[in-house]
$ cat entry33.csv   # CSV, C-alpha atoms
chain,number,residue,atom,x,y,z
A,6,MET,CA,0.0,0.0,0.0
A,7,SER,CA,1.0,3.7,-0.3
A,8,LEU,CA,0.4,5.3,3.1
A,9,ALA,CA,-1.6,8.5,3.1
A,10,LEU,CA,0.5,10.0,5.9
A,11,ASP,CA,-1.1,13.4,5.9
A,12,THR,CA,-4.5,11.9,6.3
A,13,LEU,CA,-3.4,9.5,9.0
A,14,LEU,CA,-1.8,12.3,11.0
A,15,LYS,CA,-4.7,14.7,10.6
A,16,ASP,CA,-7.2,12.0,11.7
A,17,ALA,CA,-4.9,11.2,14.7
A,18,THR,CA,-4.8,14.8,15.7
A,19,GLU,CA,-8.6,15.2,15.4
A,20,ARG,CA,-9.1,12.1,17.6
A,21,GLY,CA,-6.9,13.4,20.3
A,22,ALA,CA,-4.2,10.7,19.8
A,23,SER,CA,-0.7,11.0,21.4
A,24,ASP,CA,1.0,8.7,18.9
A,25,LEU,CA,0.7,7.0,15.5
A,26,LEU,CA,2.4,3.6,15.1
A,27,LEU,CA,3.3,2.2,11.7
A,28,VAL,CA,4.4,-1.4,11.9
A,29,PRO,CA,4.7,-3.7,8.9
A,30,GLY,CA,1.9,-6.3,8.7
A,31,ALA,CA,-0.5,-4.4,10.9
A,32,ARG,CA,-3.0,-1.6,10.4
A,33,PRO,CA,-1.8,1.9,11.2
A,34,THR,CA,-2.5,2.3,15.0
A,35,ILE,CA,-3.0,5.3,17.2
A,36,ARG,CA,-2.7,5.7,21.0
A,37,VAL,CA,-5.6,7.6,22.6
A,38,HIS,CA,-5.4,8.2,26.4
A,39,GLY,CA,-2.8,5.5,26.7
A,40,ASP,CA,-4.8,2.8,24.8
A,41,LEU,CA,-4.0,1.5,21.3
A,42,THR,CA,-6.7,1.5,18.7
A,43,PRO,CA,-6.7,1.0,14.9
A,44,ALA,CA,-6.7,4.1,12.7
A,45,ASP,CA,-9.3,4.6,10.1
A,46,GLU,CA,-7.0,3.2,7.4
A,47,LYS,CA,-8.0,-0.5,6.8
A,48,ASP,CA,-5.0,-1.6,4.7
A,49,LEU,CA,-1.9,-3.2,6.3
A,50,VAL,CA,1.4,-1.4,6.5
A,51,GLY,CA,3.9,-2.8,3.9
A,52,SER,CA,7.5,-3.5,4.7
A,53,GLU,CA,8.8,-0.2,3.2
A,54,ASP,CA,5.7,2.0,3.5
A,55,ALA,CA,6.8,3.9,6.6
A,56,LEU,CA,10.1,4.8,5.0
A,57,GLU,CA,8.5,5.9,1.7
A,58,ALA,CA,5.9,8.0,3.6
A,59,LEU,CA,8.5,9.7,5.8
A,60,LYS,CA,11.3,10.2,3.2
A,61,PRO,CA,10.2,13.8,2.3
A,62,HIS,CA,10.7,14.8,6.0
A,63,LEU,CA,14.2,13.2,6.4
A,64,SER,CA,17.2,15.5,6.1
A,65,ALA,CA,20.2,14.2,4.0
A,66,ALA,CA,22.1,13.5,7.3
A,67,ALA,CA,19.1,11.6,8.8
A,68,ARG,CA,18.7,9.6,5.6
A,69,ASP,CA,22.4,8.6,5.6
A,70,HIS,CA,22.2,7.7,9.3
A,71,PHE,CA,19.2,5.4,8.6
A,72,GLN,CA,20.7,3.8,5.6
A,73,ALA,CA,23.8,3.0,7.7
A,74,GLY,CA,21.5,0.7,9.6
A,75,ARG,CA,20.7,2.9,12.6
A,76,ALA,CA,17.4,4.2,13.9
A,77,VAL,CA,16.9,7.9,13.5
A,78,ASP,CA,14.9,10.5,15.5
A,79,PHE,CA,13.7,13.7,13.9
A,80,CYS,CA,10.8,16.3,14.0
A,81,PHE,CA,8.7,17.7,11.2
A,82,GLU,CA,5.8,19.9,10.6
A,83,LEU,CA,2.6,19.3,8.6
A,84,THR,CA,0.3,22.1,7.6
A,85,GLY,CA,-3.2,21.5,9.2
A,86,ALA,CA,-2.0,18.7,11.4
A,87,GLY,CA,0.8,20.1,13.6
A,88,ARG,CA,4.3,19.1,14.6
A,89,PHE,CA,5.5,15.6,15.1
A,90,ARG,CA,8.5,13.7,16.6
A,91,CYS,CA,9.3,10.5,14.8
A,92,ASN,CA,11.5,7.5,15.4
A,93,LEU,CA,12.2,5.5,12.2
A,94,HIS,CA,13.7,2.1,12.7
A,95,ARG,CA,14.1,-1.3,11.1
A,96,SER,CA,12.3,-4.3,12.5
A,97,ARG,CA,12.2,-8.0,11.4
A,98,ASP,CA,9.4,-7.4,8.9
A,99,GLY,CA,10.7,-4.1,7.4
A,100,VAL,CA,10.7,-0.5,8.5
A,101,SER,CA,8.6,0.7,11.4
A,102,ALA,CA,7.9,4.3,12.6
A,103,SER,CA,6.6,5.8,15.9
A,104,LEU,CA,5.2,9.3,15.6
A,105,ARG,CA,4.5,11.5,18.6
A,106,LEU,CA,2.0,14.3,18.1
A,107,LEU,CA,3.5,17.5,19.7
A,108,PRO,CA,1.3,20.4,20.9
A,109,ALA,CA,1.5,23.4,18.6
A,110,ALA,CA,2.5,25.6,21.6
A,111,ILE,CA,4.0,25.0,25.0
A,112,PRO,CA,1.1,24.3,27.3
A,113,ASP,CA,0.3,26.5,30.3
A,114,PHE,CA,1.6,24.8,33.4
A,115,ALA,CA,-1.8,24.9,35.0
A,116,LYS,CA,-3.2,22.6,32.3
A,117,LEU,CA,-0.7,19.8,33.1
A,118,ASN,CA,-2.4,19.1,36.5
A,119,LEU,CA,1.0,18.9,38.2
A,120,PRO,CA,1.5,19.9,41.9
A,121,PRO,CA,2.3,23.6,42.4
A,122,ARG,CA,5.6,22.5,44.1
A,123,VAL,CA,6.9,21.4,40.6
A,124,ALA,CA,6.4,24.9,39.2
A,125,ARG,CA,8.6,26.3,42.0
A,126,LEU,CA,11.6,24.5,40.5
A,127,ALA,CA,11.6,27.3,37.9
A,128,GLU,CA,12.5,29.8,40.7
A,129,VAL,CA,15.8,28.0,41.4
A,130,LEU,CA,19.0,29.8,40.2
A,131,LYS,CA,21.5,26.9,40.3
A,132,GLY,CA,21.7,23.1,40.8
A,133,PHE,CA,20.6,19.9,39.2
A,134,ILE,CA,16.9,19.1,38.5
A,135,LEU,CA,15.7,15.8,37.0
A,136,VAL,CA,12.3,14.9,35.6
A,137,VAL,CA,12.0,11.1,35.3
A,138,GLY,CA,9.4,8.5,34.3
A,139,PRO,CA,8.6,6.0,31.6
A,140,THR,CA,8.4,6.8,27.9
A,141,GLY,CA,5.3,8.9,27.1
A,142,ALA,CA,4.9,10.2,30.7
A,143,GLY,CA,5.2,13.9,29.7
A,144,LYS,CA,8.7,14.6,30.8
A,145,SER,CA,9.6,16.8,27.8
A,146,THR,CA,6.4,18.8,28.3
A,147,THR,CA,7.0,19.4,31.9
A,148,LEU,CA,10.6,20.6,31.2
A,149,ALA,CA,9.4,22.8,28.3
A,150,CYS,CA,6.9,24.5,30.7
A,151,LEU,CA,9.7,25.0,33.3
A,152,ILE,CA,12.0,26.5,30.7
A,153,ASP,CA,9.2,28.7,29.4
A,154,MET,CA,8.6,30.0,32.9
A,155,ILE,CA,12.3,30.9,33.4
A,156,ASN,CA,12.4,32.4,29.9
A,157,SER,CA,9.4,34.7,30.7
A,158,ARG,CA,10.4,35.7,34.2
A,159,ARG,CA,14.1,36.5,34.2
A,160,ALA,CA,16.9,37.6,31.9
A,161,ALA,CA,18.8,34.3,31.7
A,162,HIS,CA,20.8,32.8,28.9
A,163,ILE,CA,19.1,29.4,28.3
A,164,VAL,CA,20.7,26.7,26.2
A,165,THR,CA,18.6,23.6,25.4
A,166,ILE,CA,20.3,20.4,23.9
A,167,GLU,CA,17.8,18.0,22.5
A,168,ASP,CA,17.4,15.0,20.2
A,169,PRO,CA,15.4,16.2,18.4
A,170,VAL,CA,14.1,19.7,19.4
A,171,GLU,CA,10.4,19.1,20.3
A,172,TYR,CA,9.1,22.5,21.6
A,173,ARG,CA,10.2,25.7,19.9
A,174,HIS,CA,10.9,28.5,22.3
A,175,ARG,CA,11.2,32.2,21.4
A,176,HIS,CA,13.2,34.9,23.1
A,177,ARG,CA,11.3,36.5,25.9
A,178,ARG,CA,12.9,38.1,28.9
A,179,GLY,CA,15.6,35.4,28.5
A,180,LEU,CA,17.9,34.7,25.6
A,181,LEU,CA,17.3,31.2,24.3
A,182,GLU,CA,19.4,28.9,22.1
A,183,GLN,CA,18.2,25.4,21.0
A,184,ILE,CA,20.7,22.9,19.8
A,185,GLU,CA,19.6,19.7,18.0
A,186,ILE,CA,21.8,16.6,18.1
A,187,GLY,CA,22.7,15.3,14.7
A,188,THR,CA,22.0,18.7,13.1
A,189,ASP,CA,23.9,21.2,15.2
A,190,ALA,CA,26.1,18.9,17.3
A,191,PRO,CA,27.2,15.3,17.0
A,192,SER,CA,26.4,14.2,20.6
A,193,PHE,CA,25.0,15.4,23.9
A,194,SER,CA,28.4,15.3,25.6
A,195,GLU,CA,30.1,17.4,23.0
A,196,ALA,CA,27.2,19.9,22.8
A,197,LEU,CA,27.1,20.2,26.6
A,198,ARG,CA,30.9,20.7,26.8
A,199,HIS,CA,30.7,23.5,24.3
A,200,ALA,CA,27.6,25.0,25.9
A,201,LEU,CA,29.6,25.6,29.1
A,202,ARG,CA,31.8,28.0,27.1
A,203,GLN,CA,28.8,29.9,25.9
A,204,ASP,CA,28.1,31.8,29.1
A,205,PRO,CA,24.8,30.0,29.9
A,206,ASP,CA,22.7,30.4,33.1
A,207,VAL,CA,20.4,27.5,32.4
A,208,ILE,CA,21.1,24.3,30.5
A,209,LEU,CA,18.5,21.7,29.4
A,210,VAL,CA,20.0,18.3,28.5
A,211,GLY,CA,17.2,16.4,26.8
A,212,GLU,CA,18.5,13.0,28.0
A,213,MET,CA,21.5,11.8,29.9
A,214,ARG,CA,22.5,8.8,27.8
A,215,ASP,CA,26.1,8.2,28.8
A,216,LEU,CA,28.7,8.6,31.5
A,217,GLU,CA,30.4,11.6,29.9
A,218,THR,CA,27.2,13.6,29.6
A,219,ILE,CA,26.2,12.9,33.2
A,220,SER,CA,29.7,13.8,34.4
A,221,ILE,CA,29.7,17.2,32.5
A,222,ALA,CA,26.1,17.9,33.7
A,223,LEU,CA,27.1,17.3,37.3
A,224,THR,CA,30.1,19.6,37.0
A,225,ALA,CA,28.0,22.3,35.3
A,226,ALA,CA,25.5,22.2,38.2
A,227,GLU,CA,28.4,22.3,40.7
A,228,THR,CA,29.9,25.4,39.1
A,229,GLY,CA,26.8,27.5,39.4
A,230,HIS,CA,24.6,26.6,36.5
A,231,LEU,CA,21.0,25.4,36.6
A,232,VAL,CA,20.8,22.1,34.8
A,233,PHE,CA,17.7,20.2,33.8
A,234,SER,CA,17.6,16.7,32.4
A,235,THR,CA,15.6,13.5,32.1
A,236,LEU,CA,16.1,9.8,32.8
A,237,HIS,CA,13.9,6.8,32.2
A,238,THR,CA,13.3,5.5,35.7
A,239,ASN,CA,10.1,4.8,37.6
A,240,ASP,CA,10.8,6.8,40.8
A,241,THR,CA,13.1,9.4,42.3
A,242,THR,CA,15.4,7.0,44.2
A,243,GLN,CA,16.0,4.9,41.1
A,244,ALA,CA,17.1,8.1,39.3
A,245,ILE,CA,19.8,8.8,41.9
A,246,ASP,CA,21.0,5.2,41.9
A,247,ARG,CA,21.1,5.1,38.0
A,248,ILE,CA,23.3,8.2,37.9
A,249,ILE,CA,25.7,6.8,40.5
A,250,ASP,CA,25.8,3.3,38.9
A,251,VAL,CA,26.8,4.6,35.5
A,252,PHE,CA,30.3,5.3,36.9
A,253,PRO,CA,33.0,2.8,37.7
A,254,ALA,CA,33.1,1.7,41.3
A,255,HIS,CA,36.3,3.7,42.1
A,256,GLN,CA,34.6,6.9,41.0
A,257,GLN,CA,31.2,6.4,42.7
A,258,GLY,CA,32.3,8.0,46.0
A,259,GLN,CA,33.2,11.2,44.3
A,260,VAL,CA,30.0,11.1,42.2
A,261,ARG,CA,28.0,10.8,45.4
A,262,GLN,CA,29.7,13.9,46.8
A,263,GLN,CA,29.0,15.8,43.6
A,264,LEU,CA,25.4,14.7,43.4
A,265,ALA,CA,24.8,15.5,47.1
A,266,LEU,CA,26.1,19.0,46.6
A,267,SER,CA,24.4,19.8,43.3
A,268,LEU,CA,21.0,18.0,43.4
A,269,THR,CA,18.1,20.4,43.8
A,270,GLY,CA,15.1,18.1,43.1
A,271,VAL,CA,13.8,15.1,41.2
A,272,VAL,CA,10.3,14.8,39.8
A,273,ALA,CA,9.0,11.4,38.8
A,274,GLN,CA,5.8,11.4,36.8
A,275,HIS,CA,3.4,8.8,35.4
A,276,LEU,CA,0.3,9.3,33.3
A,277,ILE,CA,-2.6,7.2,34.5
A,278,PRO,CA,-5.9,6.6,32.6
A,279,THR,CA,-8.9,8.2,34.4
A,280,SER,CA,-11.7,6.0,35.7
A,281,ASP,CA,-13.9,6.9,32.8
A,282,GLY,CA,-11.1,6.3,30.2
A,283,ARG,CA,-11.6,9.8,28.7
A,284,MET,CA,-8.1,11.2,29.6
A,285,ARG,CA,-4.9,10.6,31.6
A,286,VAL,CA,-3.8,12.4,34.8
A,287,PRO,CA,-0.3,12.6,36.3
A,288,ALA,CA,0.7,10.8,39.4
A,289,VAL,CA,3.8,12.5,40.7
A,290,GLU,CA,6.6,11.8,43.2
A,291,ILE,CA,8.6,14.8,44.3
A,292,LEU,CA,12.0,14.7,46.0
A,293,ILE,CA,13.5,17.9,47.3
A,294,ALA,CA,17.2,17.7,48.2
A,295,ASN,CA,17.3,18.9,51.8
A,296,ASP,CA,20.1,18.2,54.2
A,297,ALA,CA,18.7,14.8,55.1
A,298,VAL,CA,18.5,13.7,51.5
A,299,ARG,CA,22.0,15.0,50.7
A,300,ASN,CA,23.4,13.1,53.7
A,301,LEU,CA,21.7,9.8,52.5
A,302,ILE,CA,23.2,10.3,49.0
A,303,ARG,CA,26.7,11.0,50.4
A,304,THR,CA,26.7,8.0,52.8
A,305,SER,CA,25.3,5.4,50.3
A,306,ARG,CA,22.0,5.1,52.0
A,307,THR,CA,19.7,6.0,49.1
A,308,HIS,CA,17.4,3.1,50.1
A,309,GLN,CA,16.2,5.3,52.9
A,310,ILE,CA,15.2,8.2,50.7
A,311,TYR,CA,11.7,6.9,50.2
A,312,SER,CA,11.1,7.3,53.9
A,313,THR,CA,12.5,10.8,53.9
A,314,ILE,CA,10.2,11.8,51.1
A,315,GLY,CA,7.3,10.5,53.2
A,316,THR,CA,8.3,12.7,56.2
A,317,GLY,CA,9.1,15.7,53.9
A,318,ARG,CA,5.6,16.9,53.1
A,319,GLY,CA,6.2,20.1,54.8
A,320,VAL,CA,8.7,21.2,52.2
A,321,GLY,CA,6.6,19.9,49.3
A,322,MET,CA,7.8,16.3,49.0
A,323,GLN,CA,5.4,13.5,48.2
A,324,THR,CA,5.7,9.9,47.3
A,325,LEU,CA,4.2,8.3,44.2
A,326,GLU,CA,2.0,6.3,46.5
A,327,ASP,CA,0.7,9.5,48.1
A,328,SER,CA,-0.2,10.9,44.7
A,329,LEU,CA,-1.8,7.7,43.5
A,330,ALA,CA,-3.9,7.4,46.7
A,331,ALA,CA,-5.1,11.0,46.4
A,332,LEU,CA,-6.1,10.3,42.8
A,333,HIS,CA,-8.0,7.2,43.8
A,334,ARG,CA,-9.7,8.9,46.8
A,335,SER,CA,-11.0,11.6,44.4
A,336,ARG,CA,-12.3,8.8,42.1
A,337,ARG,CA,-10.1,10.0,39.2
A,338,ILE,CA,-8.3,6.6,38.9
A,339,THR,CA,-9.2,3.0,39.7
A,340,ARG,CA,-7.8,1.0,42.6
A,341,GLU,CA,-6.4,-1.4,40.1
A,342,ASP,CA,-4.4,1.3,38.3
A,343,ALA,CA,-3.2,2.7,41.5
A,344,LEU,CA,-1.7,-0.6,42.6
A,345,ALA,CA,-0.3,-1.4,39.1
A,346,ARG,CA,1.7,1.9,38.9
A,347,SER,CA,3.0,1.8,42.5
A,348,THR,CA,6.6,1.0,43.1
A,349,HIS,CA,5.9,0.2,46.8
A,350,PRO,CA,2.8,-2.1,46.7
A,351,ASP,CA,2.7,-2.8,50.5
A,352,GLU,CA,2.6,1.0,51.2
A,353,MET,CA,0.0,1.4,48.4
A,354,GLU,CA,-2.2,-1.3,49.9
A,355,SER,CA,-2.0,0.4,53.3
A,356,LEU,CA,-3.0,3.8,51.8
A,357,LEU,CA,-5.9,2.4,49.9
A,358,ARG,CA,-7.5,0.8,53.0

$ encode --input "entry33.csv" --output "structure tokens"
Amino acid sequence: MSLALDTLLKDATERGASDLLLVPGARPTIRVHGDLTPADEKDLVGSEDALEALKPHLSAAARDHFQAGRAVDFCFELTGAGRFRCNLHRSRDGVSASLRLLPAAIPDFAKLNLPPRVARLAEVLKGFILVVGPTGAGKSTTLACLIDMINSRRAAHIVTIEDPVEYRHRHRRGLLEQIEIGTDAPSFSEALRHALRQDPDVILVGEMRDLETISIALTAAETGHLVFSTLHTNDTTQAIDRIIDVFPAHQQGQVRQQLALSLTGVVAQHLIPTSDGRMRVPAVEILIANDAVRNLIRTSRTHQIYSTIGTGRGVGMQTLEDSLAALHRSRRITREDALARSTHPDEMESLLR
């Protein structure tokens, strides 16, 4: 078949989908409120259909990257449908594509239904802030909102390093530069290293994929910059352990010291289907790096951080279980979904009684 990509994307946008999946041998499929459902197109996707449909949107560099046998990430815009982030990759049956529908503009923070304490992270002047969660949890959107708040409120030089650039920012009170990996720089680590010589106040690293990037980000936060980034972990404690475990054993003591000094906060978010299935709402864990948390990181007792979050409500902390329980009490999510998304099921059971 020949994919009518424009039609598929416009239909997906009109139906409120978050993603369009093109997998050989299956019908085009969209994800609406977290659930997969077939698109209106009845024909099956052929082995090369996704590649042919997306070729017009591939740069020469991206095309060469893909032809070299590697997956490629890129963004493109479609008149009447919006802007899309795409991952094009090979699978056993041919070429597959996953397309994420991006909002036309950065959403207002209030529309994200996140706790007010998250917005206060935009007031911080230096340190290291992580937004973590599974794929599709809205991490990029949360970070775009925080960057937009800083951009609108203070005269800061903001540098974002992304693969690819998802939300386009414009200069407001701040001065903003957006660097795209593969187009403007070869890697996160190299872009970040050069960014430190560009007199930035705020740096967004789209994803920390390797030891070198994490090391430079920690140093940047230590030396007075405000650094935002993401990781794919389920909760805040896992994020801290993931950063430390990336390094060889003989370096981990030093990394603990760096992280204890520079960490400002970690937000872990999950999007949960509502009880009526009409939308998704965020369940959020918030870790604020107070003296107790810094001491636990420094002394290799990160397993105790969860308890510290539970006793830190006065400074805006909350566990994922607190958030899930509150959503269930307000009848916004089901008991089953609350239990399924919890990382501490015994605690969750206790809160739901």

$ closest_residue --input "entry33.csv" --among "A:Ile155, A:Val137, A:Leu10, A:Ala17" --to "A:Arg125" --atoms "all atoms listed in the file"
A:Ile155

$ residues_near_point --input "entry33.csv" --point "(14.3, 22.7, 30.6)" --cutoff "6 Å" --atoms "all atoms listed in the file" --output "list in words"
Leu148, Ala149, Leu151, Ile152, Leu209 and Phe233 of chain A

$ closest_residue --input "entry33.csv" --among "A:Asp246, A:Glu195, A:Asp342, A:Asp168" --to "A:Val286" --atoms "all atoms listed in the file"
A:Asp342

$ atom_distance --input "entry33.csv" --atom1 "atom CA of A:Asp54" --atom2 "atom CA of A:Gly30"
10.5 Å

$ closest_residue --input "entry33.csv" --among "A:Thr18, A:Gln257, A:Ser267, A:Gln262" --to "A:Ala225" --atoms "only C-alpha atoms"
A:Ser267

$ closest_residue --input "entry33.csv" --among "A:Leu268, A:Met284, A:Ala330, A:Ala273" --to "A:Val37" --atoms "only C-alpha atoms"
A:Met284

$ build_atoms --input "entry33.csv" --residues "stretch 255-266 of chain A" --atoms "N, CA and C atoms" --output "PDB file, in the frame of the given file"
ATOM      1  N   HIS A 255      35.274   2.803  41.429  1.00  0.00           N
ATOM      2  CA  HIS A 255      36.300   3.700  42.100  1.00  0.00           C
ATOM      3  C   HIS A 255      35.932   5.137  41.986  1.00  0.00           C
ATOM      4  N   GLN A 256      34.967   5.503  41.119  1.00  0.00           N
ATOM      5  CA  GLN A 256      34.600   6.900  41.000  1.00  0.00           C
ATOM      6  C   GLN A 256      33.262   7.218  41.738  1.00  0.00           C
ATOM      7  N   GLN A 257      32.567   6.195  42.209  1.00  0.00           N
ATOM      8  CA  GLN A 257      31.200   6.400  42.700  1.00  0.00           C
ATOM      9  C   GLN A 257      31.206   7.237  44.019  1.00  0.00           C
ATOM     10  N   GLY A 258      32.242   7.149  44.825  1.00  0.00           N
ATOM     11  CA  GLY A 258      32.300   8.000  46.000  1.00  0.00           C
ATOM     12  C   GLY A 258      32.341   9.456  45.677  1.00  0.00           C
ATOM     13  N   GLN A 259      33.164   9.802  44.702  1.00  0.00           N
ATOM     14  CA  GLN A 259      33.200  11.200  44.300  1.00  0.00           C
ATOM     15  C   GLN A 259      31.933  11.664  43.663  1.00  0.00           C
ATOM     16  N   VAL A 260      31.293  10.785  42.876  1.00  0.00           N
ATOM     17  CA  VAL A 260      30.000  11.100  42.200  1.00  0.00           C
ATOM     18  C   VAL A 260      28.940  11.374  43.275  1.00  0.00           C
ATOM     19  N   ARG A 261      28.941  10.558  44.319  1.00  0.00           N
ATOM     20  CA  ARG A 261      28.000  10.800  45.400  1.00  0.00           C
ATOM     21  C   ARG A 261      28.160  12.152  46.027  1.00  0.00           C
ATOM     22  N   GLN A 262      29.412  12.549  46.238  1.00  0.00           N
ATOM     23  CA  GLN A 262      29.700  13.900  46.800  1.00  0.00           C
ATOM     24  C   GLN A 262      29.172  14.965  45.854  1.00  0.00           C
ATOM     25  N   GLN A 263      29.463  14.814  44.551  1.00  0.00           N
ATOM     26  CA  GLN A 263      29.000  15.800  43.600  1.00  0.00           C
ATOM     27  C   GLN A 263      27.495  15.897  43.537  1.00  0.00           C
ATOM     28  N   LEU A 264      26.837  14.736  43.509  1.00  0.00           N
ATOM     29  CA  LEU A 264      25.400  14.700  43.400  1.00  0.00           C
ATOM     30  C   LEU A 264      24.753  15.279  44.689  1.00  0.00           C
ATOM     31  N   ALA A 265      25.332  14.944  45.843  1.00  0.00           N
ATOM     32  CA  ALA A 265      24.800  15.500  47.100  1.00  0.00           C
ATOM     33  C   ALA A 265      24.903  16.979  47.156  1.00  0.00           C
ATOM     34  N   LEU A 266      25.966  17.538  46.591  1.00  0.00           N
ATOM     35  CA  LEU A 266      26.100  19.000  46.600  1.00  0.00           C
ATOM     36  C   LEU A 266      25.262  19.702  45.586  1.00  0.00           C
TER      37      LEU A 266
END
